[in-house]
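Source file: protein04.cif; contents: mmCIF, C-alpha atoms.
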data_structure
loop_
_atom_site.label_atom_id
_atom_site.label_comp_id
_atom_site.auth_asym_id
_atom_site.auth_seq_id
_atom_site.Cartn_x
_atom_site.Cartn_y
_atom_site.Cartn_z
CA MET A 1 -88.18 54.72 -27.60
CA LYS A 2 -85.61 52.18 -26.50
CA ARG A 3 -83.30 54.94 -25.29
CA LYS A 4 -86.14 56.43 -23.24
CA GLN A 5 -86.85 53.07 -21.60
CA THR A 6 -83.17 52.65 -20.77
CA THR A 7 -83.07 56.10 -19.19
CA GLN A 8 -86.16 55.31 -17.12
CA LYS A 9 -84.59 52.06 -15.90
CA ILE A 10 -81.39 53.86 -14.92
CA MET A 11 -83.34 56.49 -13.02
CA LEU A 12 -85.36 53.79 -11.29
CA TYR A 13 -82.22 51.90 -10.24
CA LEU A 14 -80.63 55.10 -8.98
CA LEU A 15 -83.73 55.85 -6.94
CA MET A 16 -83.72 52.34 -5.49
CA ILE A 17 -80.03 52.63 -4.61
CA PHE A 18 -80.67 55.99 -2.92
CA ILE A 19 -83.55 54.57 -0.88
CA SER A 20 -81.42 51.57 0.09
CA VAL A 21 -78.58 53.80 1.24
CA ILE A 22 -80.74 56.02 3.44
CA THR A 23 -82.54 52.95 4.81
CA VAL A 24 -79.64 50.58 5.44
CA GLY A 25 -76.97 53.27 5.95
CA PRO A 26 -77.80 54.14 9.59
CA PHE A 27 -77.89 50.45 10.50
CA LEU A 28 -74.46 49.85 8.94
CA ILE A 29 -72.98 52.90 10.69
CA THR A 30 -74.32 51.60 14.00
CA LEU A 31 -72.86 48.16 13.27
CA PHE A 32 -69.45 49.63 12.42
CA MET A 33 -69.53 51.66 15.63
CA ALA A 34 -70.35 48.54 17.65
CA LEU A 35 -67.40 46.66 16.12
CA LYS A 36 -64.83 49.30 17.08
CA SER A 37 -62.28 48.35 19.71
CA PRO A 38 -62.05 50.26 23.01
CA GLY A 39 -58.95 52.08 21.82
CA GLU A 40 -60.49 53.39 18.59
CA SER A 41 -61.91 56.88 18.42
CA ILE A 42 -65.63 57.19 17.72
CA TYR A 43 -64.94 60.32 15.70
CA GLY A 44 -62.36 58.74 13.41
CA THR A 45 -63.12 56.63 10.38
CA ILE A 46 -66.52 55.05 9.89
CA TYR A 47 -65.05 51.59 9.39
CA PRO A 48 -63.45 49.84 12.41
CA THR A 49 -59.71 49.40 11.96
CA ASP A 50 -59.51 46.68 14.61
CA PRO A 51 -62.93 44.94 14.69
CA THR A 52 -63.92 43.29 17.95
CA LEU A 53 -67.00 41.72 19.54
CA SER A 54 -66.14 42.93 23.02
CA ASN A 55 -68.86 45.57 22.95
CA PHE A 56 -71.49 42.89 22.41
CA THR A 57 -70.24 40.77 25.31
CA ASP A 58 -69.93 43.86 27.52
CA SER A 59 -73.59 44.70 26.89
CA PHE A 60 -74.48 41.44 28.66
CA SER A 61 -71.93 41.66 31.47
CA LYS A 62 -72.02 45.40 32.18
CA ALA A 63 -75.47 46.52 31.05
CA ASN A 64 -77.41 43.41 32.22
CA PHE A 65 -78.86 42.86 28.76
CA GLY A 66 -79.05 39.12 29.36
CA LEU A 67 -81.90 39.63 31.85
CA TYR A 68 -83.60 42.15 29.57
CA PHE A 69 -83.41 39.69 26.68
CA LEU A 70 -84.96 36.97 28.82
CA ASN A 71 -87.81 39.19 29.97
CA THR A 72 -88.54 40.40 26.46
CA PHE A 73 -88.41 36.86 25.07
CA ILE A 74 -90.85 35.54 27.69
CA VAL A 75 -93.30 38.38 27.14
CA THR A 76 -93.12 38.00 23.36
CA ALA A 77 -93.44 34.20 23.50
CA ILE A 78 -96.64 34.56 25.52
CA ALA A 79 -98.11 37.45 23.55
CA ILE A 80 -97.82 36.00 20.03
CA PRO A 81 -99.86 32.77 20.45
CA LEU A 82 -102.47 34.47 22.65
CA ASN A 83 -102.95 37.32 20.17
CA LEU A 84 -103.24 34.91 17.24
CA LEU A 85 -105.78 32.79 19.12
CA PHE A 86 -108.04 35.54 20.41
CA CYS A 87 -107.90 37.65 17.25
CA SER A 88 -108.76 34.62 15.12
CA LEU A 89 -111.67 33.68 17.38
CA ALA A 90 -113.02 37.22 17.55
CA ALA A 91 -112.67 37.89 13.82
CA TYR A 92 -114.45 34.80 12.56
CA PRO A 93 -117.97 35.72 13.83
CA LEU A 94 -117.51 39.24 12.47
CA ALA A 95 -116.77 37.81 9.04
CA ARG A 96 -119.04 34.77 8.81
CA MET A 97 -121.84 34.95 11.39
CA ASP A 98 -124.93 37.14 11.07
CA PHE A 99 -126.01 38.55 14.42
CA ARG A 100 -127.64 41.74 15.59
CA GLY A 101 -125.17 44.52 16.20
CA ARG A 102 -122.33 43.00 14.21
CA GLY A 103 -121.66 46.27 12.39
CA VAL A 104 -121.68 48.20 15.65
CA VAL A 105 -119.20 45.80 17.25
CA LEU A 106 -116.89 46.03 14.25
CA SER A 107 -117.12 49.82 14.22
CA LEU A 108 -116.27 50.01 17.93
CA ILE A 109 -113.26 47.72 17.46
CA ILE A 110 -111.97 49.80 14.55
CA ALA A 111 -112.63 53.01 16.52
CA THR A 112 -110.28 51.87 19.28
CA MET A 113 -107.45 51.91 16.74
CA MET A 114 -107.87 55.68 16.46
CA VAL A 115 -107.48 56.32 20.19
CA PRO A 116 -103.84 56.98 21.18
CA PHE A 117 -102.50 54.95 24.06
CA GLN A 118 -101.57 58.11 25.96
CA LEU A 119 -105.26 58.88 26.52
CA TYR A 120 -106.01 55.78 28.54
CA MET A 121 -102.63 54.77 29.94
CA ALA A 122 -103.29 56.42 33.34
CA PRO A 123 -106.50 54.46 34.16
CA LEU A 124 -104.90 51.33 32.70
CA PHE A 125 -101.89 51.80 34.97
CA GLN A 126 -104.20 52.21 37.98
CA LEU A 127 -106.22 49.14 36.99
CA ALA A 128 -103.06 47.06 36.60
CA GLY A 129 -102.03 48.02 40.12
CA GLU A 130 -105.44 47.13 41.59
CA LEU A 131 -105.37 43.73 39.86
CA GLY A 132 -101.84 43.00 41.03
CA LEU A 133 -100.42 42.92 37.50
CA ARG A 134 -97.59 45.35 38.11
CA ASN A 135 -94.06 43.95 37.79
CA SER A 136 -95.32 40.71 36.27
CA TYR A 137 -95.12 39.03 32.90
CA ILE A 138 -98.92 38.86 32.65
CA GLY A 139 -99.09 42.60 33.22
CA LEU A 140 -96.64 43.20 30.39
CA VAL A 141 -98.46 40.82 28.04
CA VAL A 142 -102.00 42.08 28.65
CA MET A 143 -101.69 44.91 26.10
CA GLN A 144 -100.90 42.44 23.30
CA VAL A 145 -103.32 39.62 24.13
CA ALA A 146 -105.94 40.86 21.64
CA THR A 147 -105.51 43.86 19.37
CA ALA A 148 -108.05 45.70 17.25
CA PHE A 149 -105.66 45.64 14.30
CA GLY A 150 -105.31 41.86 14.60
CA ILE A 151 -109.07 41.33 14.69
CA TYR A 152 -109.59 43.53 11.64
CA LEU A 153 -106.75 41.86 9.73
CA MET A 154 -108.06 38.37 10.44
CA ARG A 155 -111.63 39.38 9.52
CA GLN A 156 -110.46 40.59 6.14
CA ALA A 157 -108.63 37.30 5.62
CA TYR A 158 -111.73 35.25 6.45
CA LEU A 159 -113.73 37.24 3.90
CA ARG A 160 -111.47 35.87 1.15
CA ILE A 161 -112.51 32.29 1.86
CA PRO A 162 -115.26 31.00 -0.47
CA LYS A 163 -118.41 30.22 1.48
CA GLU A 164 -118.85 27.01 -0.52
CA LEU A 165 -115.94 25.42 1.37
CA GLU A 166 -117.59 26.07 4.72
CA GLU A 167 -120.99 24.92 3.45
CA SER A 168 -119.43 21.65 2.30
CA ALA A 169 -117.96 21.13 5.75
CA TYR A 170 -121.36 21.74 7.36
CA LEU A 171 -122.92 19.16 5.02
CA ASP A 172 -120.29 16.65 6.13
CA GLY A 173 -121.43 17.07 9.72
CA ALA A 174 -118.88 19.55 11.04
CA ASN A 175 -119.95 22.03 13.68
CA ARG A 176 -119.08 25.73 13.65
CA PHE A 177 -115.93 25.33 15.72
CA GLN A 178 -114.65 22.50 13.51
CA VAL A 179 -115.31 24.60 10.39
CA TRP A 180 -113.28 27.44 11.91
CA TYR A 181 -110.43 25.20 13.06
CA ARG A 182 -110.21 22.72 10.17
CA VAL A 183 -111.35 24.81 7.18
CA ALA A 184 -111.01 28.53 7.77
CA LEU A 185 -107.88 28.70 9.92
CA PRO A 186 -105.56 26.72 7.59
CA LEU A 187 -106.61 28.90 4.66
CA VAL A 188 -105.52 32.12 6.38
CA LYS A 189 -102.05 30.89 7.34
CA PRO A 190 -100.24 33.77 5.55
CA THR A 191 -102.31 36.29 7.48
CA LEU A 192 -101.57 34.48 10.74
CA VAL A 193 -97.86 34.74 10.01
CA THR A 194 -98.27 38.41 9.15
CA LEU A 195 -100.08 39.05 12.43
CA ALA A 196 -97.40 37.11 14.28
CA ILE A 197 -94.72 39.37 12.79
CA PHE A 198 -96.65 42.52 13.72
CA THR A 199 -97.24 41.19 17.22
CA PHE A 200 -93.57 40.35 17.60
CA MET A 201 -92.52 43.81 16.47
CA GLY A 202 -95.07 45.53 18.69
CA THR A 203 -94.16 43.48 21.76
CA TRP A 204 -90.41 43.28 21.24
CA GLY A 205 -90.02 47.01 20.74
CA ASP A 206 -92.72 48.23 23.13
CA TYR A 207 -91.42 50.91 25.47
CA LEU A 208 -94.15 53.01 27.09
CA TRP A 209 -96.27 50.28 28.70
CA PRO A 210 -93.30 48.26 30.09
CA LEU A 211 -91.89 51.52 31.43
CA LEU A 212 -95.17 52.27 33.25
CA ASN A 213 -95.85 48.77 34.50
CA SER A 214 -92.32 47.83 35.58
CA THR A 215 -91.05 49.59 38.67
CA GLU A 216 -88.39 46.97 39.41
CA SER A 217 -85.29 46.59 37.26
CA SER A 218 -85.67 42.80 37.32
CA MET A 219 -88.72 43.17 35.03
CA TYR A 220 -87.19 45.60 32.55
CA THR A 221 -87.38 44.75 28.86
CA LEU A 222 -84.84 45.51 26.14
CA SER A 223 -86.39 48.82 25.18
CA ILE A 224 -86.17 50.12 28.76
CA GLY A 225 -82.64 48.81 29.20
CA LEU A 226 -81.52 50.46 25.97
CA ALA A 227 -83.17 53.74 26.96
CA GLN A 228 -81.44 53.72 30.34
CA LEU A 229 -78.12 52.97 28.70
CA SER A 230 -78.66 55.89 26.32
CA GLN A 231 -79.58 58.23 29.17
CA ASN A 232 -76.13 57.69 30.65
CA PHE A 233 -74.52 58.66 27.35
CA ASP A 234 -71.24 60.48 27.79
CA GLY A 235 -69.60 59.72 24.44
CA SER A 236 -67.41 56.94 25.78
CA ASN A 237 -70.16 54.33 25.85
CA LEU A 238 -71.47 55.00 22.34
CA LYS A 239 -69.92 51.73 21.18
CA LEU A 240 -71.76 49.85 23.93
CA ILE A 241 -75.04 51.58 23.02
CA SER A 242 -74.52 50.70 19.35
CA ALA A 243 -73.86 47.05 20.21
CA ALA A 244 -76.96 46.89 22.38
CA SER A 245 -79.03 48.48 19.60
CA ILE A 246 -77.81 45.90 17.09
CA LEU A 247 -78.61 43.04 19.47
CA THR A 248 -82.10 44.44 19.98
CA THR A 249 -82.73 44.68 16.22
CA ILE A 250 -81.30 41.34 15.05
CA PRO A 251 -84.22 39.09 16.19
CA THR A 252 -86.73 41.21 14.28
CA LEU A 253 -84.62 41.10 11.13
CA ILE A 254 -84.16 37.33 11.36
CA LEU A 255 -87.89 36.75 11.86
CA PHE A 256 -88.86 38.99 8.96
CA MET A 257 -86.33 37.43 6.56
CA ALA A 258 -87.45 33.92 7.52
CA LEU A 259 -91.16 34.66 7.08
CA GLN A 260 -91.17 37.40 4.47
CA LYS A 261 -92.90 35.29 1.81
CA TYR A 262 -95.86 34.79 4.13
CA PHE A 263 -95.74 38.42 5.22
CA ILE A 264 -95.97 39.76 1.67
CA SER A 265 -98.90 37.52 0.73
CA GLY A 266 -100.71 37.99 4.03
CA ALA A 267 -100.37 41.77 4.12
CA THR A 268 -102.64 42.07 1.06
CA ASP A 269 -105.59 40.49 2.87
CA GLY A 270 -106.45 43.81 4.45
CA ALA A 271 -107.18 45.23 1.01
CA VAL A 272 -110.31 43.13 0.57
CA LYS A 273 -113.49 45.14 0.75
CA GLY A 274 -115.87 43.75 3.38
#

Target encoding C-alpha coordinates, full file:
Amino acid sequence: MKRKQTTQKIMLYLLMIFISVITVGPFLITLFMALKSPGESIYGTIYPTDPTLSNFTDSFSKANFGLYFLNTFIVTAIAIPLNLLFCSLAAYPLARMDFRGRGVVLSLIIATMMVPFQLYMAPLFQLAGELGLRNSYIGLVVMQVATAFGIYLMRQAYLRIPKELEESAYLDGANRFQVWYRVALPLVKPTLVTLAIFTFMGTWGDYLWPLLNSTESSMYTLSIGLAQLSQNFDGSNLKLISAASILTTIPTLILFMALQKYFISGATDGAVKG
(Lines of atoms letter the chains of each structure in order from A and count residues from 1; the text may use other names and numbers.)
(Lines give C-alpha, C1' and ligand atoms only; values in the text may rest on other atoms or scores of the structure.)
Protein backbone atom coordinates (compact mmCIF):
# COMPACT_ATOMS: atom_id res chain seq x y z
CA MET A 1 0.00 0.00 0.00
CA LYS A 2 2.82 2.34 0.91
CA ARG A 3 4.62 1.55 -2.33
CA LYS A 4 1.46 2.35 -4.29
CA GLN A 5 1.11 5.72 -2.55
CA THR A 6 4.75 6.53 -3.30
CA THR A 7 4.25 5.67 -6.97
CA GLN A 8 1.16 7.90 -7.12
CA LYS A 9 3.08 10.80 -5.56
CA ILE A 10 5.91 10.38 -8.06
CA MET A 11 3.48 10.34 -10.96
CA LEU A 12 1.74 13.41 -9.58
CA TYR A 13 5.03 15.31 -9.23
CA LEU A 14 6.06 14.31 -12.75
CA LEU A 15 2.75 15.57 -14.07
CA MET A 16 3.14 18.86 -12.22
CA ILE A 17 6.68 19.27 -13.55
CA PHE A 18 5.45 18.58 -17.09
CA ILE A 19 2.66 21.14 -16.78
CA SER A 20 5.12 23.68 -15.34
CA VAL A 21 7.52 23.15 -18.23
CA ILE A 22 4.92 23.61 -20.96
CA THR A 23 3.48 26.62 -19.10
CA VAL A 24 6.64 28.48 -18.09
CA GLY A 25 8.85 27.16 -20.91
CA PRO A 26 7.65 29.54 -23.67
CA PHE A 27 8.01 32.51 -21.32
CA LEU A 28 11.60 31.55 -20.44
CA ILE A 29 12.50 31.03 -24.11
CA THR A 30 11.12 34.49 -24.90
CA LEU A 31 13.10 35.96 -21.99
CA PHE A 32 16.32 34.29 -23.16
CA MET A 33 15.72 35.60 -26.67
CA ALA A 34 15.21 39.13 -25.33
CA LEU A 35 18.50 38.98 -23.39
CA LYS A 36 20.60 38.05 -26.43
CA SER A 37 23.05 40.65 -27.68
CA PRO A 38 22.77 42.09 -31.21
CA GLY A 39 25.67 39.95 -32.39
CA GLU A 40 24.19 36.64 -31.23
CA SER A 41 22.31 34.42 -33.62
CA ILE A 42 18.65 33.78 -32.86
CA TYR A 43 19.03 30.26 -34.18
CA GLY A 44 21.97 29.33 -31.97
CA THR A 45 21.74 28.23 -28.37
CA ILE A 46 18.64 28.90 -26.31
CA TYR A 47 20.61 30.57 -23.54
CA PRO A 48 22.22 33.98 -24.25
CA THR A 49 26.01 33.79 -24.22
CA ASP A 50 26.39 37.53 -23.73
CA PRO A 51 23.26 38.75 -21.89
CA THR A 52 22.28 42.38 -22.41
CA LEU A 53 19.35 44.68 -21.67
CA SER A 54 19.77 46.68 -24.86
CA ASN A 55 16.72 45.10 -26.45
CA PHE A 56 14.54 46.37 -23.61
CA THR A 57 15.86 49.92 -23.91
CA ASP A 58 15.57 49.79 -27.71
CA SER A 59 11.88 48.89 -27.41
CA PHE A 60 11.34 52.30 -25.80
CA SER A 61 13.62 54.31 -28.07
CA LYS A 62 12.96 52.61 -31.41
CA ALA A 63 9.47 51.14 -31.06
CA ASN A 64 7.91 54.01 -29.04
CA PHE A 65 6.80 51.65 -26.29
CA GLY A 66 7.10 54.40 -23.70
CA LEU A 67 4.04 56.15 -25.16
CA TYR A 68 2.17 52.85 -25.49
CA PHE A 69 2.91 52.05 -21.85
CA LEU A 70 1.61 55.45 -20.77
CA ASN A 71 -1.60 55.09 -22.77
CA THR A 72 -2.24 51.59 -21.46
CA PHE A 73 -1.51 52.65 -17.88
CA ILE A 74 -3.92 55.59 -18.06
CA VAL A 75 -6.71 53.50 -19.56
CA THR A 76 -6.20 50.73 -17.00
CA ALA A 77 -5.99 53.16 -14.07
CA ILE A 78 -9.35 54.64 -15.08
CA ALA A 79 -11.06 51.35 -15.91
CA ILE A 80 -10.32 49.44 -12.70
CA PRO A 81 -11.91 51.79 -10.11
CA LEU A 82 -14.88 52.58 -12.36
CA ASN A 83 -15.57 48.90 -13.01
CA LEU A 84 -15.31 48.05 -9.32
CA LEU A 85 -17.65 50.90 -8.40
CA PHE A 86 -20.37 50.32 -10.97
CA CYS A 87 -20.31 46.52 -10.73
CA SER A 88 -20.57 46.71 -6.94
CA LEU A 89 -23.47 49.15 -7.13
CA ALA A 90 -25.32 47.16 -9.78
CA ALA A 91 -24.80 43.79 -8.10
CA TYR A 92 -26.03 44.73 -4.65
CA PRO A 93 -29.72 45.27 -5.59
CA LEU A 94 -29.67 42.05 -7.59
CA ALA A 95 -28.49 40.17 -4.52
CA ARG A 96 -30.28 41.90 -1.64
CA MET A 97 -33.26 43.92 -2.91
CA ASP A 98 -36.60 42.42 -3.94
CA PHE A 99 -38.11 44.25 -6.90
CA ARG A 100 -40.25 43.28 -9.85
CA GLY A 101 -38.25 42.00 -12.77
CA ARG A 102 -35.08 41.27 -10.83
CA GLY A 103 -34.75 37.82 -12.38
CA VAL A 104 -35.28 39.23 -15.86
CA VAL A 105 -32.61 41.89 -15.34
CA LEU A 106 -30.14 39.30 -14.06
CA SER A 107 -30.90 36.98 -16.98
CA LEU A 108 -30.36 39.78 -19.49
CA ILE A 109 -27.03 40.71 -17.89
CA ILE A 110 -25.84 37.11 -17.96
CA ALA A 111 -27.08 36.73 -21.55
CA THR A 112 -24.80 39.55 -22.70
CA MET A 113 -21.83 37.43 -21.63
CA MET A 114 -22.75 34.92 -24.34
CA VAL A 115 -22.73 37.48 -27.16
CA PRO A 116 -19.31 37.76 -28.84
CA PHE A 117 -17.90 41.24 -29.21
CA GLN A 118 -17.56 40.80 -32.97
CA LEU A 119 -21.36 40.87 -33.33
CA TYR A 120 -21.80 44.39 -32.02
CA MET A 121 -18.43 46.02 -32.60
CA ALA A 122 -19.56 47.73 -35.85
CA PRO A 123 -22.51 49.66 -34.31
CA LEU A 124 -20.39 50.36 -31.23
CA PHE A 125 -17.65 51.78 -33.44
CA GLN A 126 -20.20 54.00 -35.22
CA LEU A 127 -21.69 55.14 -31.91
CA ALA A 128 -18.25 56.00 -30.54
CA GLY A 129 -17.62 58.18 -33.58
CA GLU A 130 -20.97 59.99 -33.24
CA LEU A 131 -20.30 60.67 -29.55
CA GLY A 132 -16.79 61.94 -30.24
CA LEU A 133 -15.12 59.15 -28.27
CA ARG A 134 -12.71 58.08 -30.97
CA ASN A 135 -9.01 58.58 -30.23
CA SER A 136 -9.69 59.38 -26.58
CA TYR A 137 -9.01 57.72 -23.26
CA ILE A 138 -12.72 57.73 -22.39
CA GLY A 139 -13.45 55.92 -25.63
CA LEU A 140 -10.91 53.24 -24.77
CA VAL A 141 -12.20 52.88 -21.21
CA VAL A 142 -15.92 52.69 -22.01
CA MET A 143 -15.83 48.94 -22.72
CA GLN A 144 -14.50 48.21 -19.23
CA VAL A 145 -16.55 50.64 -17.15
CA ALA A 146 -19.13 48.00 -16.20
CA THR A 147 -18.97 44.35 -17.24
CA ALA A 148 -21.58 41.63 -16.99
CA PHE A 149 -19.01 39.26 -15.53
CA GLY A 150 -18.15 41.78 -12.82
CA ILE A 151 -21.79 42.29 -11.88
CA TYR A 152 -22.39 38.55 -11.67
CA LEU A 153 -19.21 37.96 -9.65
CA MET A 154 -20.07 40.69 -7.15
CA ARG A 155 -23.67 39.45 -6.83
CA GLN A 156 -22.44 35.99 -5.91
CA ALA A 157 -20.13 37.54 -3.31
CA TYR A 158 -22.96 39.52 -1.73
CA LEU A 159 -25.04 36.35 -1.43
CA ARG A 160 -22.42 34.94 0.95
CA ILE A 161 -22.99 37.72 3.48
CA PRO A 162 -25.35 36.73 6.32
CA LYS A 163 -28.50 38.84 6.24
CA GLU A 164 -28.33 39.22 10.03
CA LEU A 165 -25.37 41.60 9.67
CA GLU A 166 -27.33 43.91 7.40
CA GLU A 167 -30.44 43.70 9.59
CA SER A 168 -28.35 44.74 12.60
CA ALA A 169 -27.07 47.75 10.69
CA TYR A 170 -30.64 48.75 9.77
CA LEU A 171 -31.65 48.50 13.44
CA ASP A 172 -28.77 50.84 14.32
CA GLY A 173 -30.21 53.46 12.00
CA ALA A 174 -28.14 52.92 8.87
CA ASN A 175 -29.74 53.54 5.50
CA ARG A 176 -29.40 51.25 2.50
CA PHE A 177 -26.38 53.04 1.06
CA GLN A 178 -24.56 52.97 4.41
CA VAL A 179 -25.28 49.23 4.76
CA TRP A 180 -23.79 48.65 1.30
CA TYR A 181 -20.75 50.85 1.91
CA ARG A 182 -19.96 50.06 5.56
CA VAL A 183 -21.17 46.45 5.92
CA ALA A 184 -21.40 44.64 2.60
CA LEU A 185 -18.49 46.15 0.68
CA PRO A 186 -15.75 45.45 3.28
CA LEU A 187 -16.88 41.82 3.51
CA VAL A 188 -16.39 41.20 -0.21
CA LYS A 189 -12.85 42.61 -0.37
CA PRO A 190 -11.35 39.38 -1.82
CA THR A 191 -13.89 39.44 -4.64
CA LEU A 192 -13.14 43.10 -5.31
CA VAL A 193 -9.45 42.26 -5.64
CA THR A 194 -10.32 39.36 -7.93
CA LEU A 195 -12.43 41.62 -10.13
CA ALA A 196 -9.64 44.19 -10.15
CA ILE A 197 -7.21 41.56 -11.43
CA PHE A 198 -9.62 40.43 -14.15
CA THR A 199 -10.27 44.04 -15.14
CA PHE A 200 -6.56 44.74 -15.28
CA MET A 201 -5.93 41.71 -17.46
CA GLY A 202 -8.85 42.50 -19.76
CA THR A 203 -7.88 46.16 -20.16
CA TRP A 204 -4.11 45.75 -20.27
CA GLY A 205 -4.21 43.08 -22.94
CA ASP A 206 -7.23 44.30 -24.92
CA TYR A 207 -6.49 44.50 -28.63
CA LEU A 208 -9.61 44.58 -30.82
CA TRP A 209 -11.42 47.58 -29.34
CA PRO A 210 -8.31 49.82 -29.06
CA LEU A 211 -7.48 48.87 -32.64
CA LEU A 212 -10.94 49.95 -33.81
CA ASN A 213 -11.22 53.08 -31.73
CA SER A 214 -7.68 54.41 -32.20
CA THR A 215 -6.90 55.76 -35.64
CA GLU A 216 -3.95 57.86 -34.46
CA SER A 217 -0.68 56.30 -33.34
CA SER A 218 -0.53 58.66 -30.36
CA MET A 219 -3.42 56.71 -28.78
CA TYR A 220 -2.08 53.22 -29.42
CA THR A 221 -1.88 50.82 -26.50
CA LEU A 222 0.72 48.13 -25.84
CA SER A 223 -1.22 45.39 -27.61
CA ILE A 224 -1.43 47.44 -30.82
CA GLY A 225 2.21 48.47 -30.62
CA LEU A 226 3.31 44.89 -30.12
CA ALA A 227 1.14 43.72 -33.02
CA GLN A 228 2.62 46.36 -35.32
CA LEU A 229 6.12 45.41 -34.26
CA SER A 230 5.35 41.77 -35.01
CA GLN A 231 3.90 42.63 -38.42
CA ASN A 232 7.28 44.04 -39.43
CA PHE A 233 8.97 40.78 -38.45
CA ASP A 234 11.92 39.93 -40.65
CA GLY A 235 13.89 37.69 -38.29
CA SER A 236 16.35 40.38 -37.26
CA ASN A 237 13.99 42.11 -34.84
CA LEU A 238 12.86 38.95 -33.03
CA LYS A 239 14.93 39.97 -30.02
CA LEU A 240 13.18 43.35 -29.93
CA ILE A 241 9.76 41.67 -30.22
CA SER A 242 10.67 39.28 -27.40
CA ALA A 243 11.77 42.16 -25.17
CA ALA A 244 8.57 44.07 -25.87
CA SER A 245 6.51 40.96 -25.11
CA ILE A 246 8.26 40.51 -21.76
CA LEU A 247 7.70 44.16 -20.84
CA THR A 248 4.02 43.81 -21.70
CA THR A 249 3.64 40.70 -19.52
CA ILE A 250 5.60 41.77 -16.43
CA PRO A 251 2.95 44.12 -14.91
CA THR A 252 0.31 41.39 -15.02
CA LEU A 253 2.64 38.89 -13.35
CA ILE A 254 3.61 41.36 -10.62
CA LEU A 255 -0.03 42.22 -9.89
CA PHE A 256 -1.09 38.59 -9.73
CA MET A 257 1.80 37.55 -7.45
CA ALA A 258 1.12 40.49 -5.12
CA LEU A 259 -2.62 39.79 -4.85
CA GLN A 260 -2.82 36.05 -5.41
CA LYS A 261 -4.04 35.28 -1.89
CA TYR A 262 -7.07 37.51 -2.44
CA PHE A 263 -7.53 36.16 -5.95
CA ILE A 264 -7.70 32.53 -4.82
CA SER A 265 -10.20 33.24 -2.05
CA GLY A 266 -12.30 35.62 -4.12
CA ALA A 267 -12.50 33.39 -7.18
CA THR A 268 -14.56 30.84 -5.21
CA ASP A 269 -17.38 33.33 -4.62
CA GLY A 270 -18.82 32.58 -8.02
CA ALA A 271 -19.49 29.01 -6.94
CA VAL A 272 -22.25 30.03 -4.55
CA LYS A 273 -25.69 29.04 -5.73
CA GLY A 274 -28.03 32.04 -5.86

List as a PDB file with C-alpha atoms, in the coordinates of the input: which residues have an atom within 9 Å of (-71.1, 53.8, 19.0), counting all atoms listed in the file?
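Generated file (selection.pdb):
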ATOM      1  CA  ILE A  29     -72.980  52.900  10.690  1.00  0.00           C
ATOM      2  CA  THR A  30     -74.320  51.600  14.000  1.00  0.00           C
ATOM      3  CA  LEU A  31     -72.860  48.160  13.270  1.00  0.00           C
ATOM      4  CA  PHE A  32     -69.450  49.630  12.420  1.00  0.00           C
ATOM      5  CA  MET A  33     -69.530  51.660  15.630  1.00  0.00           C
ATOM      6  CA  ALA A  34     -70.350  48.540  17.650  1.00  0.00           C
ATOM      7  CA  LEU A  35     -67.400  46.660  16.120  1.00  0.00           C
ATOM      8  CA  LYS A  36     -64.830  49.300  17.080  1.00  0.00           C
ATOM      9  CA  ILE A  42     -65.630  57.190  17.720  1.00  0.00           C
ATOM     10  CA  GLY A 235     -69.600  59.720  24.440  1.00  0.00           C
ATOM     11  CA  SER A 236     -67.410  56.940  25.780  1.00  0.00           C
ATOM     12  CA  ASN A 237     -70.160  54.330  25.850  1.00  0.00           C
ATOM     13  CA  LEU A 238     -71.470  55.000  22.340  1.00  0.00           C
ATOM     14  CA  LYS A 239     -69.920  51.730  21.180  1.00  0.00           C
ATOM     15  CA  LEU A 240     -71.760  49.850  23.930  1.00  0.00           C
ATOM     16  CA  ILE A 241     -75.040  51.580  23.020  1.00  0.00           C
ATOM     17  CA  SER A 242     -74.520  50.700  19.350  1.00  0.00           C
ATOM     18  CA  ALA A 243     -73.860  47.050  20.210  1.00  0.00           C
TER      19      ALA A 243
END

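Counting all atoms listed in the file, the residue from A:Phe18, A:Trp209, A:Tyr13, A:Trp204 that sits nearest to Arg134 (chain A) is A:Trp209.
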
To verify the selection step, state as number ranges by chain which residues the PyMOL selection byres ((chain A and resi 115-129) around 12) yields on this input.
A: 108-114, 130-143, 148, 206-215

For Ile80 (chain A), the nearest of the candidates A:Thr194, A:Ser230, A:Gln260, A:Thr6, counting only C-alpha atoms:
A:Thr194

Could you tell me which residues the PyMOL selection byres ((chain A and resi 95) around 8) grabs in this file, written as a list in words?
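In the shown coordinates, the PyMOL selection byres ((chain A and resi 95) around 8) covers Ala91, Tyr92, Pro93, Leu94, Arg96, Met97, Arg155, Gln156, Tyr158 and Leu159 of chain A.
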
Please provide the set of residues having any atom within 12 Å of Leu82 (chain A), restricted to only C-alpha atoms, with same-chain residues fewer than 2 positions apart removed, written as a list in words.
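Contacts, with the query itself left out: Val75, Thr76, Ala77, Ile78, Ala79, Ile80, Leu84, Leu85, Phe86, Cys87, Ser88, Leu89, Ile138, Val141, Val142, Met143, Gln144, Val145, Ala146, Thr147, Gly150, Leu192, Leu195, Ala196, Thr199 and Phe200 of chain A.
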
Writing out the chosen residues with C-alpha atoms as a tab-separated table (two decimals), keeping the file's coordinate frame:
chain	number	residue	atom	x	y	z
A	75	VAL	CA	-93.30	38.38	27.14
A	76	THR	CA	-93.12	38.00	23.36
A	77	ALA	CA	-93.44	34.20	23.50
A	78	ILE	CA	-96.64	34.56	25.52
A	79	ALA	CA	-98.11	37.45	23.55
A	80	ILE	CA	-97.82	36.00	20.03
A	84	LEU	CA	-103.24	34.91	17.24
A	85	LEU	CA	-105.78	32.79	19.12
A	86	PHE	CA	-108.04	35.54	20.41
A	87	CYS	CA	-107.90	37.65	17.25
A	88	SER	CA	-108.76	34.62	15.12
A	89	LEU	CA	-111.67	33.68	17.38
A	138	ILE	CA	-98.92	38.86	32.65
A	141	VAL	CA	-98.46	40.82	28.04
A	142	VAL	CA	-102.00	42.08	28.65
A	143	MET	CA	-101.69	44.91	26.10
A	144	GLN	CA	-100.90	42.44	23.30
A	145	VAL	CA	-103.32	39.62	24.13
A	146	ALA	CA	-105.94	40.86	21.64
A	147	THR	CA	-105.51	43.86	19.37
A	150	GLY	CA	-105.31	41.86	14.60
A	192	LEU	CA	-101.57	34.48	10.74
A	195	LEU	CA	-100.08	39.05	12.43
A	196	ALA	CA	-97.40	37.11	14.28
A	199	THR	CA	-97.24	41.19	17.22
A	200	PHE	CA	-93.57	40.35	17.60

Test item: the PyMOL selection byres ((chain A and resi 181-183) around 12) resolved as a PyMOL selection string
chain A and resi 85+88-89+92+158+161-170+174-180+184-189

Which of these, A:Thr49, A:Thr248, A:Thr191, A:Ser41, has the shortest distance to Phe27 (chain A) once you count only C-alpha atoms?
A:Thr248

Would you give the centre and edge lengths, in Å to one decimal, of a box along x, y and z around the listed atoms of region 9-17 of chain A, with 8 Å added to each side, as JSON?
{"center_x": -82.7, "center_y": 54.2, "center_z": -10.3, "size_x": 21.3, "size_y": 20.6, "size_z": 27.3}

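For the pair CA of Tyr220 (chain A) and CA of Tyr68 (chain A), the interatomic distance is 5.8 Å.
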
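When CA of Thr252 (chain A) is paired with CA of Ser59 (chain A), their separation reads 18.5 Å.
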
Calculate how many Å separate CA of Leu222 (chain A) from CA of Ser54 (chain A), rounding to one decimal.
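CA of Ser54 (chain A) lies at a distance of 19.1 Å from CA of Leu222 (chain A).
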
Find, counting all atoms listed in the file, the residue in A:Gly202, A:Ala244, A:Thr249, A:Glu40 that gets nearest to Asn55 (chain A).
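Answer, going by the shortest atom-to-atom distance: A:Ala244.
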